[in-house]
>>> print(open('run-v3.cif').read())   # mmCIF, C-alpha atoms and all ligand atoms
data_coords
loop_
_atom_site.label_atom_id
_atom_site.label_comp_id
_atom_site.auth_asym_id
_atom_site.auth_seq_id
_atom_site.Cartn_x
_atom_site.Cartn_y
_atom_site.Cartn_z
CA MET O 43 33.48 19.24 45.75
CA ILE O 44 30.50 21.29 46.92
CA SER O 45 31.68 23.79 49.50
CA SER O 46 29.68 25.20 52.39
CA HIS O 47 28.99 28.93 52.43
CA ALA O 48 28.42 28.95 56.23
CA SER O 49 30.23 31.95 57.69
CA GLY O 50 29.34 32.12 61.38
CA LEU O 51 26.67 32.08 64.08
CA ARG O 52 24.40 34.94 65.13
CA CYS O 53 22.33 35.37 68.28
CA ILE O 54 18.62 35.75 67.53
CA GLY O 55 18.22 37.80 70.72
CA CYS O 56 20.95 40.46 70.67
CA GLY O 57 22.50 39.95 67.25
CA ALA O 58 25.98 39.08 68.62
CA ALA O 59 28.16 37.32 66.02
CA PHE O 60 30.31 34.25 66.63
CA THR O 61 32.70 32.20 64.54
CA LEU O 62 31.75 28.71 63.34
CA VAL O 63 32.51 26.83 66.54
CA TYR O 64 30.40 24.38 68.55
CA ARG O 65 28.45 26.85 70.65
CA LEU O 66 24.85 26.37 71.78
CA GLU O 67 23.86 29.81 73.02
CA CYS O 68 24.92 33.43 73.22
CA ASP O 69 27.34 34.21 76.06
CA ARG O 70 25.86 37.71 76.44
CA CYS O 71 22.11 37.03 76.61
CA ALA O 72 21.80 33.19 76.50
CA GLY O 73 19.78 33.57 73.28
CA LEU O 74 19.59 30.84 70.65
CA LEU O 75 22.00 30.99 67.73
CA GLU O 76 21.33 30.68 64.03
CA LEU O 77 23.79 30.01 61.25
CA GLN O 78 24.84 32.73 58.85
CA TYR O 79 26.02 32.28 55.27
CA ASP O 80 27.75 34.29 52.60
CA TRP O 81 24.47 35.51 51.10
CA ASP O 82 26.14 37.49 48.28
CA ALA O 83 28.04 34.42 47.10
CA LEU O 84 24.84 32.35 47.21
CA ALA O 85 22.78 34.98 45.37
CA LYS O 86 25.47 35.12 42.68
CA ALA O 87 25.77 31.33 42.38
CA GLY O 88 22.00 30.81 42.00
CA PRO O 89 20.20 27.53 42.70
CA GLY O 90 22.32 25.91 39.99
CA THR O 91 24.97 25.62 42.71
CA PHE O 92 23.07 22.60 44.06
CA THR O 93 24.25 19.26 42.65
CA GLY O 94 24.02 15.63 43.69
CA SER O 95 21.23 13.98 45.64
CA GLY O 96 19.81 13.77 49.15
CA ILE O 97 20.17 16.59 51.64
CA TRP O 98 23.86 17.07 50.78
CA ARG O 99 22.66 18.43 47.46
CA TYR O 100 22.10 21.55 49.58
CA ALA O 101 25.60 21.45 51.14
CA PRO O 102 26.30 25.11 50.18
CA VAL O 103 23.59 26.16 52.67
CA LEU O 104 24.57 23.63 55.36
CA PRO O 105 27.31 24.09 58.00
CA ILE O 106 29.52 21.06 57.31
CA ALA O 107 32.71 22.15 55.56
CA ASP O 108 34.55 18.87 54.93
CA PRO O 109 32.73 16.36 52.67
CA ALA O 110 34.44 13.56 54.65
CA HIS O 111 32.27 14.54 57.65
CA ARG O 112 28.97 14.42 55.74
CA VAL O 113 27.15 11.34 57.04
CA THR O 114 24.31 9.93 54.95
CA LEU O 115 21.85 7.05 54.86
CA GLY O 116 20.14 8.37 51.74
CA GLU O 117 17.88 10.89 53.50
CA GLY O 118 15.98 13.70 51.79
CA GLN O 119 14.48 13.96 48.29
CA SER O 120 11.19 12.86 49.81
CA PRO O 121 8.17 13.01 47.50
CA LEU O 122 6.02 16.12 47.22
CA LEU O 123 2.73 14.42 46.40
CA GLU O 124 -0.22 16.09 44.72
CA CYS O 125 -3.36 15.05 46.64
CA PRO O 126 -6.28 15.78 44.27
CA ALA O 127 -8.79 13.35 45.81
CA LEU O 128 -8.17 14.56 49.35
CA GLY O 129 -8.13 18.16 48.09
CA ARG O 130 -11.60 17.69 46.54
CA ARG O 131 -12.84 16.10 49.73
CA LEU O 132 -11.63 19.06 51.80
CA GLY O 133 -12.53 21.69 49.20
CA VAL O 134 -8.90 22.75 48.67
CA ARG O 135 -7.97 23.77 45.13
CA ARG O 136 -4.43 22.34 45.28
CA LEU O 137 -3.25 20.20 48.18
CA LEU O 138 0.32 18.92 48.40
CA ALA O 139 1.85 16.49 50.90
CA LYS O 140 5.56 16.46 51.66
CA PHE O 141 5.88 12.86 52.82
CA GLU O 142 8.83 12.54 55.17
CA GLY O 143 8.03 8.91 55.96
CA SER O 144 10.23 7.96 53.01
CA ASN O 145 13.39 8.89 54.91
CA PRO O 146 15.72 6.06 56.06
CA THR O 147 14.29 5.81 59.59
CA GLY O 148 10.85 6.99 58.52
CA THR O 149 10.97 10.55 59.83
CA VAL O 150 11.89 14.15 59.03
CA LYS O 151 14.41 13.88 61.86
CA ASP O 152 16.82 12.09 59.55
CA ARG O 153 17.57 15.48 58.01
CA SER O 154 18.69 16.93 61.35
CA SER O 155 20.36 13.69 62.47
CA ALA O 156 22.48 13.83 59.32
CA THR O 157 23.75 17.37 60.00
CA GLY O 158 23.88 16.81 63.78
CA VAL O 159 26.01 13.66 63.60
CA SER O 160 28.12 15.21 60.83
CA ALA O 161 28.73 18.21 63.10
CA ALA O 162 29.71 15.82 65.91
CA LEU O 163 32.42 14.48 63.58
CA GLN O 164 33.37 18.01 62.49
CA PHE O 165 33.91 19.06 66.11
CA GLY O 166 35.75 15.87 67.11
CA PHE O 167 33.18 14.22 69.39
CA SER O 168 33.11 10.44 69.88
CA ALA O 169 29.58 10.16 71.30
CA THR O 170 26.11 11.63 70.76
CA SER O 171 23.07 11.78 73.02
CA VAL O 172 19.40 12.70 72.73
CA VAL O 173 16.21 12.71 74.80
CA SER O 174 13.51 11.29 72.58
CA SER O 175 9.85 10.37 72.36
CA GLY O 176 10.89 7.73 69.80
CA ASN O 177 11.64 9.11 66.34
CA ALA O 178 14.64 11.26 67.25
CA GLY O 179 16.18 8.42 69.25
CA SER O 180 16.05 5.85 66.47
CA SER O 181 17.21 8.41 63.93
CA VAL O 182 20.15 9.78 65.94
CA ALA O 183 21.18 6.24 66.92
CA ALA O 184 21.13 5.07 63.29
CA TYR O 185 23.20 8.01 62.03
CA SER O 186 25.63 7.68 64.95
CA ALA O 187 26.12 4.00 64.12
CA ARG O 188 26.68 4.93 60.49
CA ALA O 189 29.34 7.47 61.55
CA GLY O 190 31.06 5.08 63.98
CA LEU O 191 30.08 7.16 67.02
CA ARG O 192 28.69 5.93 70.34
CA SER O 193 25.12 6.97 71.12
CA LEU O 194 23.38 7.33 74.48
CA VAL O 195 19.65 7.47 73.78
CA PHE O 196 16.98 8.30 76.37
CA ALA O 197 13.62 6.98 75.18
CA TYR O 198 10.10 7.83 76.35
CA GLU O 199 8.63 4.88 78.26
CA LYS O 200 5.44 5.04 76.14
CA ALA O 201 7.25 5.10 72.79
CA SER O 202 5.76 2.62 70.33
CA ALA O 203 7.22 -0.91 70.20
CA PRO O 204 8.54 -0.50 66.62
CA LYS O 205 10.41 2.67 67.66
CA LEU O 206 11.87 0.97 70.76
CA LEU O 207 12.92 -2.05 68.70
CA HIS O 208 14.66 0.25 66.24
CA MET O 209 16.45 2.17 69.01
CA ALA O 210 17.52 -1.02 70.79
CA ALA O 211 19.04 -2.28 67.54
CA THR O 212 20.97 0.89 66.61
CA ALA O 213 21.88 2.69 69.86
CA THR O 214 25.07 1.88 71.77
CA ASP O 215 23.19 2.60 75.03
CA LEU O 216 19.40 2.81 75.32
CA VAL O 217 17.85 4.09 78.54
CA ILE O 218 14.06 4.26 79.06
CA TYR O 219 12.97 7.28 81.12
CA GLN O 220 9.90 7.76 83.31
CA GLY O 221 7.38 10.49 82.61
CA VAL O 222 7.26 12.70 79.52
CA TYR O 223 9.90 14.56 77.49
CA ASP O 224 9.57 17.68 79.67
CA ASP O 225 10.54 15.71 82.79
CA LEU O 226 14.02 14.90 81.50
CA ILE O 227 14.98 17.49 78.92
CA GLY O 228 15.67 20.35 81.37
CA ILE O 229 18.32 18.46 83.35
CA TRP O 230 19.73 16.71 80.27
CA ASP O 231 20.24 20.11 78.61
CA ARG O 232 22.39 21.15 81.59
CA LEU O 233 24.60 18.04 81.25
CA VAL O 234 25.41 19.04 77.67
CA GLU O 235 27.85 21.61 79.10
CA ASP O 236 30.08 18.77 80.41
CA ARG O 237 30.90 17.93 76.75
CA LEU O 238 30.87 14.16 77.28
CA PHE O 239 28.57 13.90 74.28
CA PHE O 240 27.49 15.98 71.29
CA ASP O 241 24.05 17.56 71.77
CA CYS O 242 21.63 15.90 69.34
CA GLY O 243 18.61 17.37 71.13
CA ALA O 244 16.06 19.75 69.66
CA SER O 245 16.46 22.57 72.22
CA ARG O 246 19.54 24.54 71.16
CA ASN O 247 21.94 23.00 68.63
CA ALA O 248 21.94 25.14 65.48
CA PHE O 249 24.10 22.65 63.55
CA LYS O 250 21.65 19.83 64.11
CA HIS O 251 18.62 22.06 63.57
CA GLU O 252 19.95 23.22 60.21
CA GLY O 253 19.46 19.90 58.43
CA LYS O 254 15.68 20.24 58.58
CA LYS O 255 15.93 23.43 56.54
CA THR O 256 16.42 21.24 53.47
CA LEU O 257 12.71 20.43 53.72
CA ALA O 258 11.96 23.95 52.47
CA TYR O 259 14.65 23.87 49.77
CA GLU O 260 13.24 20.61 48.42
CA ILE O 261 9.64 21.81 48.38
CA ALA O 262 10.65 24.95 46.47
CA GLU O 263 12.83 23.04 44.02
CA GLN O 264 10.12 20.40 43.45
CA LEU O 265 7.75 23.25 42.50
CA GLY O 266 10.25 24.80 40.08
CA TRP O 267 11.70 27.30 42.61
CA ARG O 268 8.38 28.48 43.94
CA ALA O 269 6.90 28.31 47.40
CA PRO O 270 3.35 27.08 48.06
CA ASP O 271 1.00 29.78 49.41
CA MET O 272 0.83 28.00 52.73
CA VAL O 273 2.90 25.35 54.55
CA VAL O 274 1.52 23.48 57.57
CA ALA O 275 4.37 22.24 59.78
CA PRO O 276 4.26 20.32 63.07
CA VAL O 277 5.35 21.96 66.33
CA ALA O 278 6.59 20.15 69.46
CA VAL O 279 9.38 22.51 70.52
CA GLY O 280 9.33 24.09 67.06
CA GLU O 281 12.44 22.71 65.35
CA THR O 282 10.84 21.60 62.09
CA PHE O 283 8.69 24.75 61.93
CA ILE O 284 11.58 27.16 62.50
CA ALA O 285 13.90 25.29 60.14
CA ALA O 286 11.30 25.25 57.34
CA HIS O 287 10.67 28.95 57.84
CA ARG O 288 14.42 29.64 57.78
CA GLY O 289 14.79 27.77 54.51
CA PHE O 290 12.04 29.73 52.76
CA ALA O 291 13.25 33.06 54.22
CA GLU O 292 16.77 32.36 52.96
CA MET O 293 15.58 31.56 49.45
CA GLU O 294 13.51 34.74 49.42
CA ARG O 295 16.54 36.72 50.64
CA VAL O 296 18.82 35.51 47.83
CA GLY O 297 16.04 35.89 45.25
CA TRP O 298 15.47 32.22 44.41
CA ILE O 299 11.77 32.37 45.27
CA ALA O 300 9.51 35.40 44.88
CA ARG O 301 7.99 35.14 48.34
CA ARG O 302 7.93 32.89 51.35
CA PRO O 303 4.77 30.92 52.21
CA ARG O 304 2.43 31.69 55.07
CA MET O 305 3.38 29.22 57.81
CA VAL O 306 0.92 27.31 59.99
CA ALA O 307 2.08 25.78 63.29
CA ALA O 308 0.25 22.50 63.98
CA GLN O 309 0.05 20.97 67.45
CA ALA O 310 -1.77 18.19 69.26
CA ALA O 311 -4.52 19.65 71.47
CA ARG O 312 -3.05 17.70 74.38
CA ALA O 313 0.31 19.50 73.97
CA ASN O 314 -0.66 22.92 72.64
CA ALA O 315 1.38 25.46 74.61
CA VAL O 316 2.35 27.45 71.49
CA THR O 317 -1.16 27.46 70.01
CA ARG O 318 -2.72 28.63 73.29
CA ALA O 319 -0.24 31.49 73.56
CA TRP O 320 -0.84 32.46 69.92
CA ARG O 321 -4.65 32.43 70.36
CA GLU O 322 -4.56 34.38 73.60
CA GLN O 323 -1.85 36.75 72.35
CA ARG O 324 0.44 36.24 75.32
CA ALA O 325 3.78 34.63 76.15
CA ILE O 326 4.05 30.83 76.30
CA GLU O 327 3.24 29.21 79.62
CA PRO O 328 4.47 25.62 79.96
CA ILE O 329 1.66 23.09 80.50
CA ARG O 330 1.62 19.68 82.18
CA ILE O 331 0.80 17.11 79.54
CA GLY O 332 -0.12 13.44 79.45
CA TYR O 333 -0.18 11.00 76.54
CA THR O 334 -1.12 11.99 73.01
CA VAL O 335 -1.19 9.64 70.02
CA ALA O 336 1.03 12.22 68.32
CA GLU O 337 3.97 11.04 70.45
CA GLY O 338 6.47 13.23 68.67
CA LEU O 339 4.47 16.36 69.56
CA ALA O 340 4.31 15.54 73.28
CA ALA O 341 6.15 18.55 74.70
CA GLY O 342 4.39 20.81 77.20
CA ASP O 343 7.34 23.17 77.67
CA PRO O 344 8.71 24.16 74.26
CA GLY O 345 11.37 26.40 75.84
CA LYS O 346 13.23 29.03 73.83
CA LYS O 347 12.34 27.51 70.47
CA GLY O 348 8.67 27.75 71.39
CA ALA O 349 9.14 31.48 71.94
CA TRP O 350 11.04 31.72 68.63
CA THR O 351 8.17 29.90 66.87
CA LEU O 352 5.64 32.30 68.38
CA ALA O 353 7.73 35.32 67.31
CA LEU O 354 7.94 33.99 63.72
CA LEU O 355 4.16 33.46 63.65
CA LYS O 356 3.59 37.08 64.73
CA GLU O 357 6.19 38.63 62.43
CA ASN O 358 5.04 36.77 59.32
CA GLY O 359 1.27 36.65 59.69
CA GLY O 360 1.29 32.94 60.43
CA LEU O 361 -1.40 30.81 62.02
CA ALA O 362 -1.41 28.23 64.81
CA GLY O 363 -3.90 25.43 65.33
CA ASP O 364 -4.37 22.17 67.19
CA ALA O 365 -6.33 18.94 66.87
CA GLU O 366 -7.64 16.34 69.29
CA ASP O 367 -6.27 12.79 69.20
CA GLU O 368 -9.53 11.52 67.67
CA GLU O 369 -9.27 14.06 64.83
CA ILE O 370 -5.64 13.08 64.23
CA LEU O 371 -6.58 9.39 63.93
CA GLU O 372 -9.47 10.28 61.59
CA ALA O 373 -7.10 12.29 59.41
CA GLN O 374 -4.68 9.34 59.34
CA THR O 375 -7.38 7.02 57.97
CA LEU O 376 -8.73 9.65 55.57
CA LEU O 377 -5.27 10.22 54.09
CA ALA O 378 -4.68 6.49 53.69
CA ARG O 379 -8.09 5.91 52.04
CA THR O 380 -8.07 8.87 49.68
CA GLU O 381 -4.40 9.04 48.66
CA GLY O 382 -2.78 5.78 49.84
CA ILE O 383 -0.33 7.64 52.08
CA TRP O 384 0.31 5.96 55.43
CA ALA O 385 1.65 8.52 57.88
CA GLY O 386 1.87 8.13 61.66
CA PRO O 387 -0.21 10.19 64.11
CA THR O 388 2.70 12.56 64.76
CA GLY O 389 3.06 13.01 61.03
CA VAL O 390 -0.59 13.52 60.23
CA ALA O 391 -1.40 16.08 62.96
CA THR O 392 -0.72 18.78 60.35
CA LEU O 393 -3.53 17.46 58.17
CA ALA O 394 -5.92 17.24 61.13
CA VAL O 395 -5.13 20.86 61.99
CA LEU O 396 -5.67 21.92 58.38
CA CYS O 397 -9.09 20.19 58.40
CA ARG O 398 -10.04 22.19 61.48
CA LEU O 399 -8.81 25.49 60.07
CA LEU O 400 -10.75 24.87 56.85
CA ALA O 401 -13.90 24.12 58.86
CA GLU O 402 -13.36 27.36 60.79
CA LYS O 403 -12.79 29.20 57.48
CA ALA O 404 -9.44 30.41 58.82
CA VAL O 405 -7.56 29.51 55.62
CA ASP O 406 -8.20 30.24 51.95
CA PRO O 407 -9.23 27.03 50.13
CA ASP O 408 -8.11 28.56 46.80
CA ALA O 409 -4.52 28.64 48.02
CA THR O 410 -1.88 26.04 47.21
CA ILE O 411 -1.45 24.34 50.57
CA CYS O 412 1.37 21.98 51.52
CA VAL O 413 1.14 19.79 54.62
CA VAL O 414 4.34 18.32 56.02
CA LEU O 415 3.74 14.67 56.96
CA SER O 416 6.68 14.19 59.30
CA GLU O 417 6.69 10.42 59.84
CA THR O 418 5.71 7.04 58.39
CA GLY O 419 2.73 5.13 59.74
CA LEU O 420 4.78 1.95 59.80
CA LYS O 421 6.08 2.70 63.30
CA THR O 422 2.59 3.16 64.74
CA GLU O 423 1.54 0.73 67.44
CA ALA O 424 -2.14 -0.11 67.38
CA PRO O 425 -4.19 -3.32 67.25
CA PRO O 426 -4.97 -4.34 63.65
CA PRO O 427 -8.67 -4.00 62.65
CA SER O 428 -9.36 -7.75 62.75
CA ARG O 429 -7.53 -11.05 63.01
CA GLN O 430 -10.60 -13.20 62.28
CA GLY O 431 -9.74 -15.55 59.40
CA LEU O 432 -12.39 -16.97 57.03
CA ALA O 433 -12.40 -20.47 55.50
CA PHE O 434 -13.55 -20.81 51.85
CA ASP O 435 -14.63 -23.30 49.25
CA GLU O 436 -14.97 -22.16 45.62
CA ALA O 437 -18.69 -21.31 45.88
CA SER O 438 -18.32 -19.25 49.04
CA LEU O 439 -15.26 -17.47 47.64
CA ARG O 440 -17.16 -16.59 44.42
CA ARG O 441 -20.11 -15.34 46.44
CA LEU O 442 -17.86 -13.10 48.53
CA VAL O 443 -16.03 -11.63 45.53
CA GLN O 444 -19.37 -10.94 43.78
CA GLU O 445 -20.80 -9.36 46.91
CA ARG O 446 -17.79 -7.10 47.40
CA LEU O 447 -16.92 -6.19 43.81
CA GLY O 448 -19.85 -7.26 41.62
CA ARG O 449 -22.17 -4.32 42.17
CA GLY O 450 -20.70 -2.38 39.31
ZN ZN I 1 22.67 37.35 72.51
#
>>> encode(input="run-v3.cif", output="structure tokens")
Amino acid sequence: MISSHASGLRCIGCGAAFTLVYRLECDRCAGLLELQYDWDALAKAGPGTFTGSGIWRYAPVLPIADPAHRVTLGEGQSPLLECPALGRRLGVRRLLAKFEGSNPTGTVKDRSSATGVSAALQFGFSATSVVSSGNAGSSVAAYSARAGLRSLVFAYEKASAPKLLHMAATATDLVIYQGVYDDLIGIWDRLVEDRLFFDCGASRNAFKHEGKKTLAYEIAEQLGWRAPDMVVAPVAVGETFIAAHRGFAEMERVGWIARRPRMVAAQAARANAVTRAWREQRAIEPIRIGYTVAEGLAAGDPGKKGAWTLALLKENGGLAGDAEDEEILEAQTLLARTEGIWAGPTGVATLAVLCRLLAEKAVDPDATICVVLSETGLKTEAPPPSRQGLAFDEASLRRLVQERLGRG
């Protein structure tokens, strides 16, 4: 049995310590909480302490004590793909893509759904809930079904048809909400206190958040316990970004990697509250947003995690950037053509932002750069390029093949 070395919770605001109970914020300053571990035991054990597959390979640095509570659909161990052709195209010496589309529901959120739903079992809840733009809803619903828990999923009315189909199939209750994520999340967060469901949202739950940390552990392990020079992670409210940073910082702390990577926060230009604040060197001001093709990044008010993301960027010499929808769609096609990787717009925003930062000479092209591609392209809803069929006889078929492929 792999045991968890989680030892408690700590407030990121005032440093207050709490035992390992289901608590979402500090009772002194309402700050967010982060999990603490027995660092000495981990440093002593070394990375050889990790065994098995999937994200539960990293169970010693996850907060689920009883293996019977560890829900899985086979998430994690996603490929870290070398991208030499795309790297040459962009002038980057070594470009890596961590492709999260290979997870069971096609998104990085499966990592946090696994620890979130497992924590719901650990703390004796019978139902989960989440406010989603699409990916979180289908992921939380699938893991809840797997665990035998009820799920009440609130889905964005503009979520893609494949995401809605997936949610309708897996959720116990699916409710479509009007407006954008920001319109519902504030009041939903307040209902969490009634404890009718376990909080599977991205705003506050440290137990759910923690699963995404495995992204960093995997990248380091796949590189032979090294970090890339730079990691580009998506930011909506900042969950994936903060979790990845936490993972690298922990490994640096216990001496498993020599140094953490420089982190880049990537946003859609139509939902860029964190990037604006970073550029203008001020606090985050929530913005009213409309639709962006990067549905999963459509949050105009990133709340406390947005502020945490901004603080991490400042403390660690990070960078923030954004990209327009057109640039995101161009990056999606470029990635598919050059490397055969089909990521969705939400997933590929990181690459679009990297392209911009390279053009602005804001990043070093000699660095080893890893972009996190957070979702599959298979859930994208867009008209196919053409549905016009052609009729052939042998002569016309030969002519076409020679025209297309016969030029040497
Ligand atoms: Zn506090």
>>> residues_near_point(input="run-v3.cif", point="(22.0, 30.9, 45.6)", cutoff="10 Å", atoms="all atoms listed in the file", output="list in words")
His47, Asp80, Trp81, Asp82, Ala83, Leu84, Ala85, Lys86, Ala87, Gly88, Pro89, Gly90, Thr91, Phe92, Pro102, Val103, Glu292, Met293, Arg295, Val296, Gly297 and Trp298 of chain O
>>> closest_atom_pairs(input="run-v3.cif", of="chain O", to="ligand ZN 1 (chain I)", cutoff="9 Å", atoms="all atoms listed in the file", output="tab-separated table")
residue	atom	partner	partner_atom	distance
O:Arg52	CA	I:ZN1	ZN	8.0
O:Cys53	CA	I:ZN1	ZN	4.7
O:Ile54	CA	I:ZN1	ZN	6.6
O:Gly55	CA	I:ZN1	ZN	4.8
O:Cys56	CA	I:ZN1	ZN	4.0
O:Gly57	CA	I:ZN1	ZN	5.9
O:Ala58	CA	I:ZN1	ZN	5.4
O:Ala59	CA	I:ZN1	ZN	8.5
O:Glu67	CA	I:ZN1	ZN	7.7
O:Cys68	CA	I:ZN1	ZN	4.6
O:Asp69	CA	I:ZN1	ZN	6.7
O:Arg70	CA	I:ZN1	ZN	5.1
O:Cys71	CA	I:ZN1	ZN	4.2
O:Ala72	CA	I:ZN1	ZN	5.8
O:Gly73	CA	I:ZN1	ZN	4.8
O:Leu74	CA	I:ZN1	ZN	7.4
O:Leu75	CA	I:ZN1	ZN	8.0
>>> residues_around(input="run-v3.cif", residues="stretch 328-331 of chain O", least_positions_apart="6", cutoff="7 Å", atoms="all atoms listed in the file", output="PyMOL selection string")
chain O and resi 312-313+315+342-343
>>> atom_distance(input="run-v3.cif", atom1="atom CA of O:Glu417", atom2="atom CA of O:Ala308")
14.3 Å
>>> residues_around(input="run-v3.cif", residues="O:Arg301", least_positions_apart="4", cutoff="10 Å", atoms="all atoms listed in the file", output="ChimeraX atom specification")
/O:268-271,290-291,293-295,297
>>> residues_around(input="run-v3.cif", residues="O:Glu142", least_positions_apart="2", cutoff="10 Å", atoms="only C-alpha atoms", output="JSON, numbers by chain")
{"O": [117, 118, 119, 120, 121, 122, 139, 140, 144, 145, 146, 147, 148, 149, 150, 151, 152, 153, 257, 385, 389, 414, 415, 416, 417, 418]}
>>> closest_residue(input="run-v3.cif", among="O:Ser202, O:Thr392, O:Thr214, O:Gln323", to="O:Ala424", atoms="all atoms listed in the file")
O:Ser202
>>> atom_distance(input="run-v3.cif", atom1="atom CA of O:Val217", atom2="atom CA of O:Ser168")
18.7 Å
>>> atom_distance(input="run-v3.cif", atom1="atom CA of O:Leu163", atom2="atom CA of O:Ile97")
17.2 Å
>>> closest_residue(input="run-v3.cif", among="O:Ala409, O:Ile261, O:Arg321, O:Ala311", to="O:Ile299", atoms="only C-alpha atoms")
O:Ile261
>>> closest_residue(input="run-v3.cif", among="O:Thr212, O:Ser45, O:Thr256, O:Ala169", to="O:Gly96", atoms="all atoms listed in the file")
O:Thr256
>>> closest_residue(input="run-v3.cif", among="O:Pro204, O:Gly176, O:Gly345, O:Asn247", to="O:Tyr64", atoms="only C-alpha atoms")
O:Asn247
>>> closest_residue(input="run-v3.cif", among="O:Val113, O:Ala391, O:Ala184, O:Ala203", to="O:Ala340", atoms="only C-alpha atoms")
O:Ala391
>>> closest_residue(input="run-v3.cif", among="O:Arg135, O:Lys250, O:Arg112, O:Arg429", to="O:Ala178", atoms="only C-alpha atoms")
O:Lys250
